[in-house]
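Shown next: coords_36.cif, containing mmCIF, C-alpha atoms.
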data_coords
loop_
_atom_site.group_PDB
_atom_site.id
_atom_site.type_symbol
_atom_site.label_atom_id
_atom_site.label_comp_id
_atom_site.auth_asym_id
_atom_site.auth_seq_id
_atom_site.Cartn_x
_atom_site.Cartn_y
_atom_site.Cartn_z
ATOM 1 C CA MET A 109 19.932 32.559 18.130
ATOM 2 C CA GLU A 110 21.679 29.405 16.918
ATOM 3 C CA LYS A 111 23.208 26.791 19.172
ATOM 4 C CA LYS A 112 23.690 23.067 19.684
ATOM 5 C CA LEU A 113 21.218 21.737 22.222
ATOM 6 C CA SER A 114 22.083 18.738 24.404
ATOM 7 C CA LEU A 115 18.908 16.652 24.537
ATOM 8 C CA ASN A 116 19.267 13.431 26.539
ATOM 9 C CA ASP A 117 21.744 11.444 24.434
ATOM 10 C CA TYR A 118 21.503 13.757 21.404
ATOM 11 C CA LYS A 119 23.251 16.948 20.357
ATOM 12 C CA CYS A 120 21.201 18.836 17.776
ATOM 13 C CA GLN A 121 21.606 22.167 16.015
ATOM 14 C CA ALA A 122 18.735 24.569 16.752
ATOM 15 C CA VAL A 123 17.611 28.025 15.693
ATOM 16 C CA PHE A 124 15.254 29.740 18.095
ATOM 17 C CA SER A 125 13.841 33.055 19.227
ATOM 18 C CA LYS A 126 12.343 33.577 22.658
ATOM 19 C CA ALA A 127 9.400 35.919 23.256
ATOM 20 C CA SER A 128 6.232 35.762 25.284
ATOM 21 C CA GLY A 129 3.327 33.718 23.946
ATOM 22 C CA VAL A 130 2.837 30.341 22.306
ATOM 23 C CA PRO A 131 5.977 29.068 20.547
ATOM 24 C CA ILE A 132 6.012 27.458 17.089
ATOM 25 C CA VAL A 133 8.230 24.374 16.725
ATOM 26 C CA PHE A 134 9.403 23.414 13.199
ATOM 27 C CA LEU A 135 10.247 19.833 12.195
ATOM 28 C CA HIS A 136 11.886 19.535 8.764
ATOM 29 C CA GLY A 137 11.563 16.775 6.150
ATOM 30 C CA LEU A 138 13.961 13.872 5.642
ATOM 31 C CA SER A 139 16.462 15.571 3.319
ATOM 32 C CA TYR A 140 16.345 19.058 4.892
ATOM 33 C CA THR A 141 17.646 20.755 8.032
ATOM 34 C CA SER A 142 16.336 23.458 10.340
ATOM 35 C CA GLY A 143 17.858 25.975 7.906
ATOM 36 C CA VAL A 144 15.034 25.452 5.396
ATOM 37 C CA TRP A 145 12.676 27.606 7.521
ATOM 38 C CA GLN A 146 15.215 30.467 7.461
ATOM 39 C CA ARG A 147 15.749 30.150 3.704
ATOM 40 C CA ILE A 148 12.054 30.652 2.923
ATOM 41 C CA GLY A 149 11.806 33.623 5.307
ATOM 42 C CA VAL A 150 9.442 32.081 7.871
ATOM 43 C CA THR A 151 11.699 32.659 10.884
ATOM 44 C CA GLU A 152 12.287 36.279 9.813
ATOM 45 C CA ARG A 153 8.511 36.870 9.628
ATOM 46 C CA LEU A 154 8.028 35.401 13.108
ATOM 47 C CA ILE A 155 10.800 37.594 14.550
ATOM 48 C CA GLU A 156 9.065 40.657 13.036
ATOM 49 C CA LYS A 157 5.806 39.584 14.691
ATOM 50 C CA ARG A 158 7.536 38.704 17.985
ATOM 51 C CA VAL A 159 6.372 35.098 17.809
ATOM 52 C CA PRO A 160 8.677 32.681 19.678
ATOM 53 C CA PHE A 161 9.904 29.705 17.654
ATOM 54 C CA LEU A 162 12.284 26.768 17.588
ATOM 55 C CA ALA A 163 13.576 25.114 14.404
ATOM 56 C CA LEU A 164 15.400 21.921 15.252
ATOM 57 C CA ASP A 165 17.754 19.665 13.309
ATOM 58 C CA MET A 166 16.210 16.232 13.841
ATOM 59 C CA PRO A 167 17.936 12.856 14.410
ATOM 60 C CA TYR A 168 16.091 11.383 11.378
ATOM 61 C CA GLY A 169 17.477 14.004 8.965
ATOM 62 C CA LEU A 170 19.871 12.823 6.268
ATOM 63 C CA LYS A 171 21.741 16.151 6.358
ATOM 64 C CA SER A 172 20.917 17.370 9.837
ATOM 65 C CA GLU A 173 23.487 18.439 12.400
ATOM 66 C CA CYS A 174 22.227 16.076 15.066
ATOM 67 C CA GLN A 175 24.171 13.180 16.584
ATOM 68 C CA PRO A 176 23.599 10.318 16.867
ATOM 69 C CA ARG A 177 21.166 9.653 13.989
ATOM 70 C CA THR A 178 18.049 7.562 14.407
ATOM 71 C CA ARG A 179 14.840 6.922 12.477
ATOM 72 C CA ASP A 180 13.114 5.560 15.603
ATOM 73 C CA PRO A 181 9.891 7.619 15.916
ATOM 74 C CA GLU A 182 9.747 7.413 19.733
ATOM 75 C CA LYS A 183 13.325 8.656 20.090
ATOM 76 C CA ASN A 184 12.598 11.549 17.714
ATOM 77 C CA VAL A 185 9.459 12.494 19.679
ATOM 78 C CA ALA A 186 11.520 12.430 22.900
ATOM 79 C CA VAL A 187 14.101 14.774 21.320
ATOM 80 C CA VAL A 188 11.347 17.257 20.370
ATOM 81 C CA ASN A 189 9.896 17.132 23.878
ATOM 82 C CA GLU A 190 13.312 17.720 25.475
ATOM 83 C CA ALA A 191 14.010 20.611 23.082
ATOM 84 C CA VAL A 192 10.664 22.296 23.830
ATOM 85 C CA LYS A 193 11.258 21.986 27.586
ATOM 86 C CA SER A 194 14.850 23.219 27.395
ATOM 87 C CA VAL A 195 14.003 26.329 25.322
ATOM 88 C CA PHE A 196 10.463 27.214 26.458
ATOM 89 C CA GLY A 197 9.904 25.384 29.759
ATOM 90 C CA SER A 198 6.326 24.225 30.240
ATOM 91 C CA VAL A 199 4.743 26.424 27.522
ATOM 92 C CA VAL A 200 2.558 24.372 25.140
ATOM 93 C CA PRO A 201 3.660 24.781 21.490
ATOM 94 C CA VAL A 202 2.178 24.763 17.994
ATOM 95 C CA LEU A 203 3.991 22.176 15.860
ATOM 96 C CA VAL A 204 4.799 22.464 12.150
ATOM 97 C CA GLY A 205 5.959 19.274 10.467
ATOM 98 C CA ALA A 206 6.909 18.544 6.860
ATOM 99 C CA SER A 207 6.709 14.960 5.522
ATOM 100 C CA ILE A 208 8.432 12.736 8.118
ATOM 101 C CA GLY A 209 8.413 15.800 10.412
ATOM 102 C CA GLY A 210 4.630 15.746 10.099
ATOM 103 C CA ASN A 211 4.590 12.139 11.270
ATOM 104 C CA ILE A 212 6.694 13.077 14.313
ATOM 105 C CA ALA A 213 4.433 16.099 15.012
ATOM 106 C CA LEU A 214 1.364 13.829 14.986
ATOM 107 C CA ARG A 215 3.085 11.334 17.281
ATOM 108 C CA TYR A 216 4.122 14.140 19.636
ATOM 109 C CA ALA A 217 0.490 15.335 19.791
ATOM 110 C CA THR A 218 -0.655 11.868 20.897
ATOM 111 C CA ARG A 219 1.704 12.067 23.902
ATOM 112 C CA PHE A 220 2.063 15.736 24.853
ATOM 113 C CA PRO A 221 -0.196 18.810 24.803
ATOM 114 C CA VAL A 222 -0.118 21.014 21.690
ATOM 115 C CA LYS A 223 -2.039 24.178 20.736
ATOM 116 C CA GLY A 224 -2.232 23.321 17.042
ATOM 117 C CA LEU A 225 -0.607 21.452 14.149
ATOM 118 C CA LEU A 226 0.385 22.520 10.653
ATOM 119 C CA LEU A 227 1.244 19.423 8.632
ATOM 120 C CA ILE A 228 2.813 19.576 5.170
ATOM 121 C CA ALA A 229 2.139 16.263 3.356
ATOM 122 C CA PRO A 230 2.773 14.253 6.529
ATOM 123 C CA ALA A 231 4.295 10.824 5.894
ATOM 124 C CA ARG A 232 2.634 7.628 7.137
ATOM 125 C CA ALA A 233 -0.091 9.641 8.865
ATOM 126 C CA LEU A 234 -2.689 6.883 8.570
ATOM 127 C CA GLU A 235 -0.699 4.240 10.479
ATOM 128 C CA GLU A 236 -3.096 2.428 12.757
ATOM 129 C CA ASP A 237 -1.341 3.207 16.040
ATOM 130 C CA LEU A 238 -1.488 6.908 15.204
ATOM 131 C CA ALA A 239 -4.947 7.092 13.638
ATOM 132 C CA LYS A 240 -6.712 5.613 16.662
ATOM 133 C CA ALA A 241 -5.651 8.643 18.737
ATOM 134 C CA TYR A 242 -6.927 11.285 16.293
ATOM 135 C CA SER A 243 -10.488 11.483 17.648
ATOM 136 C CA LYS A 244 -9.066 12.924 20.892
ATOM 137 C CA PHE A 245 -7.309 15.843 19.155
ATOM 138 C CA ASN A 246 -9.082 19.039 20.235
ATOM 139 C CA PHE A 247 -6.945 21.746 18.637
ATOM 140 C CA PRO A 248 -6.876 23.369 15.170
ATOM 141 C CA ILE A 249 -5.023 21.489 12.435
ATOM 142 C CA THR A 250 -4.082 22.648 8.936
ATOM 143 C CA ILE A 251 -2.894 20.112 6.354
ATOM 144 C CA VAL A 252 -1.016 21.494 3.329
ATOM 145 C CA TRP A 253 -0.609 19.330 0.236
ATOM 146 C CA GLY A 254 0.840 20.204 -3.184
ATOM 147 C CA SER A 255 -1.241 19.110 -6.192
ATOM 148 C CA GLU A 256 1.941 17.821 -7.914
ATOM 149 C CA ASP A 257 3.108 15.787 -4.906
ATOM 150 C CA ASN A 258 4.197 12.380 -6.232
ATOM 151 C CA ILE A 259 5.129 10.960 -2.802
ATOM 152 C CA ILE A 260 1.972 11.382 -0.702
ATOM 153 C CA PRO A 261 -1.347 10.602 -2.477
ATOM 154 C CA SER A 262 -4.210 13.099 -2.328
ATOM 155 C CA GLU A 263 -6.591 10.359 -1.119
ATOM 156 C CA ASP A 264 -4.422 9.874 1.986
ATOM 157 C CA MET A 265 -4.589 13.582 2.791
ATOM 158 C CA ARG A 266 -8.369 13.683 2.316
ATOM 159 C CA THR A 267 -8.782 10.602 4.529
ATOM 160 C CA LEU A 268 -6.492 12.155 7.138
ATOM 161 C CA SER A 269 -8.442 15.420 7.106
ATOM 162 C CA ALA A 270 -11.679 13.465 7.600
ATOM 163 C CA LYS A 271 -10.195 11.606 10.586
ATOM 164 C CA LEU A 272 -8.792 14.698 12.314
ATOM 165 C CA PRO A 273 -11.346 16.855 14.137
ATOM 166 C CA ASN A 274 -10.954 20.640 13.634
ATOM 167 C CA SER A 275 -8.800 20.136 10.548
ATOM 168 C CA LYS A 276 -8.748 21.709 7.123
ATOM 169 C CA LEU A 277 -6.934 20.582 4.005
ATOM 170 C CA ILE A 278 -5.374 23.285 1.824
ATOM 171 C CA ILE A 279 -4.179 22.315 -1.653
ATOM 172 C CA TYR A 280 -1.310 24.322 -3.171
ATOM 173 C CA ASN A 281 -1.936 24.041 -6.904
ATOM 174 C CA GLY A 282 1.184 23.351 -8.933
ATOM 175 C CA ALA A 283 3.347 22.607 -5.880
ATOM 176 C CA SER A 284 5.209 19.363 -5.266
ATOM 177 C CA HIS A 285 5.938 17.463 -2.012
ATOM 178 C CA SER A 286 7.719 20.427 -0.359
ATOM 179 C CA ALA A 287 4.821 22.787 -1.108
ATOM 180 C CA TYR A 288 5.843 25.282 1.588
ATOM 181 C CA LYS A 289 9.182 25.902 -0.184
ATOM 182 C CA GLU A 290 7.544 26.551 -3.534
ATOM 183 C CA GLN A 291 4.817 28.889 -2.238
ATOM 184 C CA PRO A 292 6.432 30.461 0.831
ATOM 185 C CA GLU A 293 4.245 33.578 1.010
ATOM 186 C CA ARG A 294 1.084 31.500 1.001
ATOM 187 C CA PHE A 295 2.631 29.175 3.583
ATOM 188 C CA LYS A 296 3.469 32.084 5.919
ATOM 189 C CA HIS A 297 -0.113 33.317 5.616
ATOM 190 C CA ASP A 298 -1.551 29.863 6.377
ATOM 191 C CA LEU A 299 0.823 29.415 9.317
ATOM 192 C CA LEU A 300 -0.092 32.758 10.885
ATOM 193 C CA GLU A 301 -3.787 32.047 10.359
ATOM 194 C CA LEU A 302 -3.483 28.703 12.174
ATOM 195 C CA TYR A 303 -1.402 30.373 14.889
ATOM 196 C CA ALA A 304 -4.085 33.013 15.493
ATOM 197 C CA ASN A 305 -6.660 30.246 15.946
ATOM 198 C CA ALA A 306 -4.387 28.239 18.228
ATOM 199 C CA GLU A 307 -3.495 30.882 20.804
#
The structure in this file should be written as structure tokens.
Amino acid sequence: MEKKLSLNDYKCQAVFSKASGVPIVFLHGLSYTSGVWQRIGVTERLIEKRVPFLALDMPYGLKSECQPRTRDPEKNVAVVNEAVKSVFGSVVPVLVGASIGGNIALRYATRFPVKGLLLIAPARALEEDLAKAYSKFNFPITIVWGSEDNIIPSEDMRTLSAKLPNSKLIIYNGASHSAYKEQPERFKHDLLELYANAE
């Protein structure tokens, strides 16, 4: 189902599927929209498996159908929280975040309960205000990084993995910053594996 959600002062395009169980919430990268998860077949796979999900156009997105726009991290976290509540009520989600979406997913997890995180080359993940909260994270975390990523350094991802309890770093050889788009079948497998551990 696709519709515009009214979230506080924001109106954002969303694609979602309701079912029983833990929902997966997708946060796209800076130059993408919620449609990227449909294009690589992730949403279709989740519908087949009757896994509830929400893919949201975010206020930070350069191309997203969300008004007004803002890069403010706190406002973006608030939009995610409102969207989760409006679609799934009080059910605690798994969050998937790519690049800047990974940063917002990490920030969300410092403020609200989550069942797990899948982070694809999360941006600015070692910022001090964020990193000091990581020791309290008690849920499974998968970090995906492409070996040809020229935006996020491998050392940052290794440091992040060391700081996050219950985390594992998976390197997609030959993939660039948007590794999930280049190796979608592997990404679906890694997502479903994390999801099984998070339920």
Could you make a table, as CSV, of the residues of range 149-210 of chain A that have an atom within 9 Å of an atom of range 222-231 of chain A, each with its nearest atom pair and distance in Å to one decimal, counting only C-alpha atoms, in chain and number order?
residue,atom,partner,partner_atom,distance
A:Val200,CA,A:Val222,CA,5.5
A:Pro201,CA,A:Val222,CA,5.3
A:Val202,CA,A:Gly224,CA,4.7
A:Leu203,CA,A:Leu225,CA,5.0
A:Val204,CA,A:Leu226,CA,4.7
A:Gly205,CA,A:Leu227,CA,5.1
A:Ala206,CA,A:Ile228,CA,4.5
A:Ser207,CA,A:Pro230,CA,4.1
A:Ile208,CA,A:Ala231,CA,5.1
A:Gly209,CA,A:Pro230,CA,7.0
A:Gly210,CA,A:Pro230,CA,4.3
Just give me the gap between CA of Lys183 in chain A and CA of Leu238 in chain A in Å, one decimal is fine.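 Distance reported for this atom pair: 15.7 Å.
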Assuming the chain letters and numbering stay as they are in my file, what does the PyMOL selection byres ((chain A and resi 244) around 9) actually select? List them as JSON, numbers by chain. {"A": [218, 240, 241, 242, 243, 245, 246, 272, 273]}
Name the residues in contact with Gly254 in chain A at a cut-off of 9 Å, using all atoms listed in the file, excluding same-chain residues fewer than 6 positions from it; report them as a ChimeraX atom specification. /A:228-229,262,278-288
Determine the residue set returned by the PyMOL selection byres ((chain A and resi 127) around 12) for the present structure, and present it as a PDB file with C-alpha atoms, keeping the file's coordinate frame.
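Contents of selection.pdb, freshly written:
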ATOM      1  CA  PHE A 124      15.254  29.740  18.095  1.00  0.00           C
ATOM      2  CA  SER A 125      13.841  33.055  19.227  1.00  0.00           C
ATOM      3  CA  LYS A 126      12.343  33.577  22.658  1.00  0.00           C
ATOM      4  CA  SER A 128       6.232  35.762  25.284  1.00  0.00           C
ATOM      5  CA  GLY A 129       3.327  33.718  23.946  1.00  0.00           C
ATOM      6  CA  VAL A 130       2.837  30.341  22.306  1.00  0.00           C
ATOM      7  CA  PRO A 131       5.977  29.068  20.547  1.00  0.00           C
ATOM      8  CA  ILE A 132       6.012  27.458  17.089  1.00  0.00           C
ATOM      9  CA  LEU A 154       8.028  35.401  13.108  1.00  0.00           C
ATOM     10  CA  ILE A 155      10.800  37.594  14.550  1.00  0.00           C
ATOM     11  CA  GLU A 156       9.065  40.657  13.036  1.00  0.00           C
ATOM     12  CA  LYS A 157       5.806  39.584  14.691  1.00  0.00           C
ATOM     13  CA  ARG A 158       7.536  38.704  17.985  1.00  0.00           C
ATOM     14  CA  VAL A 159       6.372  35.098  17.809  1.00  0.00           C
ATOM     15  CA  PRO A 160       8.677  32.681  19.678  1.00  0.00           C
ATOM     16  CA  PHE A 161       9.904  29.705  17.654  1.00  0.00           C
ATOM     17  CA  LEU A 162      12.284  26.768  17.588  1.00  0.00           C
ATOM     18  CA  VAL A 195      14.003  26.329  25.322  1.00  0.00           C
ATOM     19  CA  PHE A 196      10.463  27.214  26.458  1.00  0.00           C
ATOM     20  CA  VAL A 199       4.743  26.424  27.522  1.00  0.00           C
TER      21      VAL A 199
END
Atomic distance CA of Tyr303 in chain A - CA of Asp264 in chain A, expressed in Å with one decimal: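 Between these atoms lies a distance of 24.4 Å.
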